[in-house]
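S.K.: I'd like to ask some things about the structure below.
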Amino acid sequence: MAKRGPNKPKFREDFGVFVCEHVLNDNKKILQVTRDMEGDWQFTCGDDIADEASDLHLFAVGGLIQRDKTLADAVILEPGQGIERAATYKDWDTFTLEE
């Protein structure tokens, strides 16, 4: 999934993304990243039921990438796409959001 070379796109460290409270407050791992149709980014624990009921918080993506370097690969997602994994040691799988 990662593009290599000098022109590899990357997030600005201070770029704001939405993060579920489970990642921020409960120190859960990020298992899902989505870029919605409007282009907003969500980095969540992947528990859809818990995430629907939780508040999202604006957070600088650089701090998240410091914790997990593989999150940087999400930068290539287009609006309406996402990546997910079953555990942090698993590979990311790409998916398309349903409208």
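Going through the structure tokens in order, the chains are called A, B, and so on, while each chain numbers its residues from 1 and the ligands are numbered from 1 in the order shown.
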Quick check for you: according to DSSP on this backbone, which residues of chain A are classed as alpha helix (DSSP H)? Reply as a list in words.
M.R.: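 Listing alpha helix (DSSP H) positions across chain A yields Glu21, His22, Val23, Leu24, Asn25, Asp48, Ile49, Ala50, Asp51, Glu52, Ala53, Val61, Gly62, Gly63, Leu64, Ile65, Gln66 and Arg67 of chain A.
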S.K.: Give me a file of those residues, with C-alpha atoms, as a tab-separated table (two decimals), in the first residue's frame.
M.R.:
```tsv
chain	number	residue	atom	x	y	z
A	21	GLU	CA	-12.33	8.74	22.56
A	22	HIS	CA	-11.31	5.08	22.98
A	23	VAL	CA	-8.00	5.80	21.25
A	24	LEU	CA	-7.42	9.02	23.21
A	25	ASN	CA	-8.72	8.10	26.65
A	48	ASP	CA	-18.38	0.43	15.07
A	49	ILE	CA	-20.99	0.23	17.83
A	50	ALA	CA	-18.78	1.93	20.40
A	51	ASP	CA	-17.54	4.50	17.88
A	52	GLU	CA	-21.08	5.51	16.87
A	53	ALA	CA	-21.89	6.29	20.50
A	61	VAL	CA	-2.09	13.25	13.07
A	62	GLY	CA	1.65	13.55	13.78
A	63	GLY	CA	1.11	12.34	17.35
A	64	LEU	CA	-0.79	9.30	16.09
A	65	ILE	CA	1.86	8.44	13.51
A	66	GLN	CA	4.55	8.63	16.21
A	67	ARG	CA	2.67	5.85	18.04
```
S.K.: Quick one: everything within 10 Å of Leu77 (chain A), counting only C-alpha atoms, minus sequence neighbours fewer than 2 positions away in the same chain. Send it as a compact mmCIF listing (two decimals) with N, CA and C atoms, in the first residue's frame.
M.R.:
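Okay, this is what ended up in around.txt:
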```
# COMPACT_ATOMS: atom_id res chain seq x y z
N VAL A 33 -9.20 3.51 9.66
CA VAL A 33 -9.02 4.90 9.21
C VAL A 33 -9.96 5.11 8.04
N THR A 34 -10.75 6.16 8.09
CA THR A 34 -11.65 6.47 6.97
C THR A 34 -11.48 7.92 6.55
N ARG A 35 -11.72 8.13 5.29
CA ARG A 35 -11.78 9.49 4.73
C ARG A 35 -13.17 9.60 4.13
N ASP A 36 -14.04 10.39 4.78
CA ASP A 36 -15.43 10.44 4.33
C ASP A 36 -15.57 11.19 3.02
N GLY A 39 -14.08 14.49 2.71
CA GLY A 39 -12.63 14.56 2.86
C GLY A 39 -12.15 14.59 4.30
N TRP A 41 -11.11 13.08 7.92
CA TRP A 41 -10.43 11.85 8.32
C TRP A 41 -10.88 11.42 9.72
N ASP A 73 0.58 5.47 5.98
CA ASP A 73 0.16 4.92 4.69
C ASP A 73 -1.24 5.37 4.29
N ALA A 74 -2.06 5.79 5.23
CA ALA A 74 -3.44 6.19 4.95
C ALA A 74 -3.51 7.46 4.10
N VAL A 75 -2.44 8.20 4.01
CA VAL A 75 -2.45 9.48 3.30
C VAL A 75 -2.92 9.35 1.86
N PRO A 79 -11.35 10.44 -0.94
CA PRO A 79 -12.63 10.55 -0.24
C PRO A 79 -13.51 9.33 -0.55
N GLY A 80 -14.13 8.78 0.50
CA GLY A 80 -14.98 7.62 0.35
C GLY A 80 -14.26 6.30 0.51
N GLN A 81 -13.00 6.35 0.95
CA GLN A 81 -12.23 5.13 1.15
C GLN A 81 -11.80 4.99 2.60
N GLY A 82 -11.40 3.78 2.96
CA GLY A 82 -10.89 3.54 4.29
C GLY A 82 -9.95 2.35 4.29
N ILE A 83 -9.26 2.18 5.41
CA ILE A 83 -8.44 1.00 5.64
C ILE A 83 -8.78 0.46 7.01
N THR A 94 -8.05 -2.35 2.35
CA THR A 94 -8.74 -1.17 1.86
C THR A 94 -10.22 -1.49 1.61
N PHE A 95 -11.09 -0.51 1.87
CA PHE A 95 -12.51 -0.68 1.60
C PHE A 95 -13.09 0.64 1.11
N THR A 96 -14.26 0.56 0.53
CA THR A 96 -14.99 1.73 0.04
C THR A 96 -16.18 1.98 0.94
```
S.K.: List the spatial neighbours of Phe43 (chain A) as a ChimeraX atom specification - criterion: any atom at most 8 Å away, only C-alpha atoms, same-chain residues fewer than 2 positions off excluded.
M.R.: /A:17-20,30-34,41,45
S.K.: Write out, as a tab-separated table (two decimals), in the first residue's frame, the residues just selected, with C-alpha atoms.
M.R.:
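Output file out_2.tsv is given in full below:
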```
chain	number	residue	atom	x	y	z
A	17	VAL	CA	-8.00	14.39	12.12
A	18	PHE	CA	-10.90	13.09	14.18
A	19	VAL	CA	-10.07	10.39	16.72
A	20	CYS	CA	-12.46	8.30	18.79
A	30	ILE	CA	-6.24	2.42	15.80
A	31	LEU	CA	-7.71	-0.35	13.68
A	32	GLN	CA	-9.70	1.73	11.19
A	33	VAL	CA	-9.02	4.90	9.21
A	34	THR	CA	-11.65	6.47	6.97
A	41	TRP	CA	-10.43	11.85	8.32
A	45	CYS	CA	-10.50	1.76	17.31
```
S.K.: Select from chain A everything DSSP, run on the backbone, classes as strand (DSSP E), then give the selection as a count of residues only.
M.R.: 26
S.K.: Between A:Glu98, A:Glu84, A:Asp26, A:Asp93, single out the one closest to Gly46 (chain A), counting only C-alpha atoms.
M.R.: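 Among the listed residues, A:Glu84 lies closest to Gly46 (chain A).
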S.K.: CA of Leu71 (chain A) and CA of Pro9 (chain A) are how many Å apart?
M.R.: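 Taking CA of Leu71 (chain A) as the start and CA of Pro9 (chain A) as the end point, the length is 12.7 Å.
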S.K.: I'd like the interatomic distance between CA of Lys10 (chain A) and CA of Thr44 (chain A), to a tenth of an Å.
M.R.: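 Distance between the two atoms: 19.4 Å.
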S.K.: To one decimal in Å, tell me the separation between CA of Glu78 (chain A) and CA of Met37 (chain A).
M.R.: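 Result for CA of Glu78 (chain A) versus CA of Met37 (chain A): 8.6 Å, one decimal.
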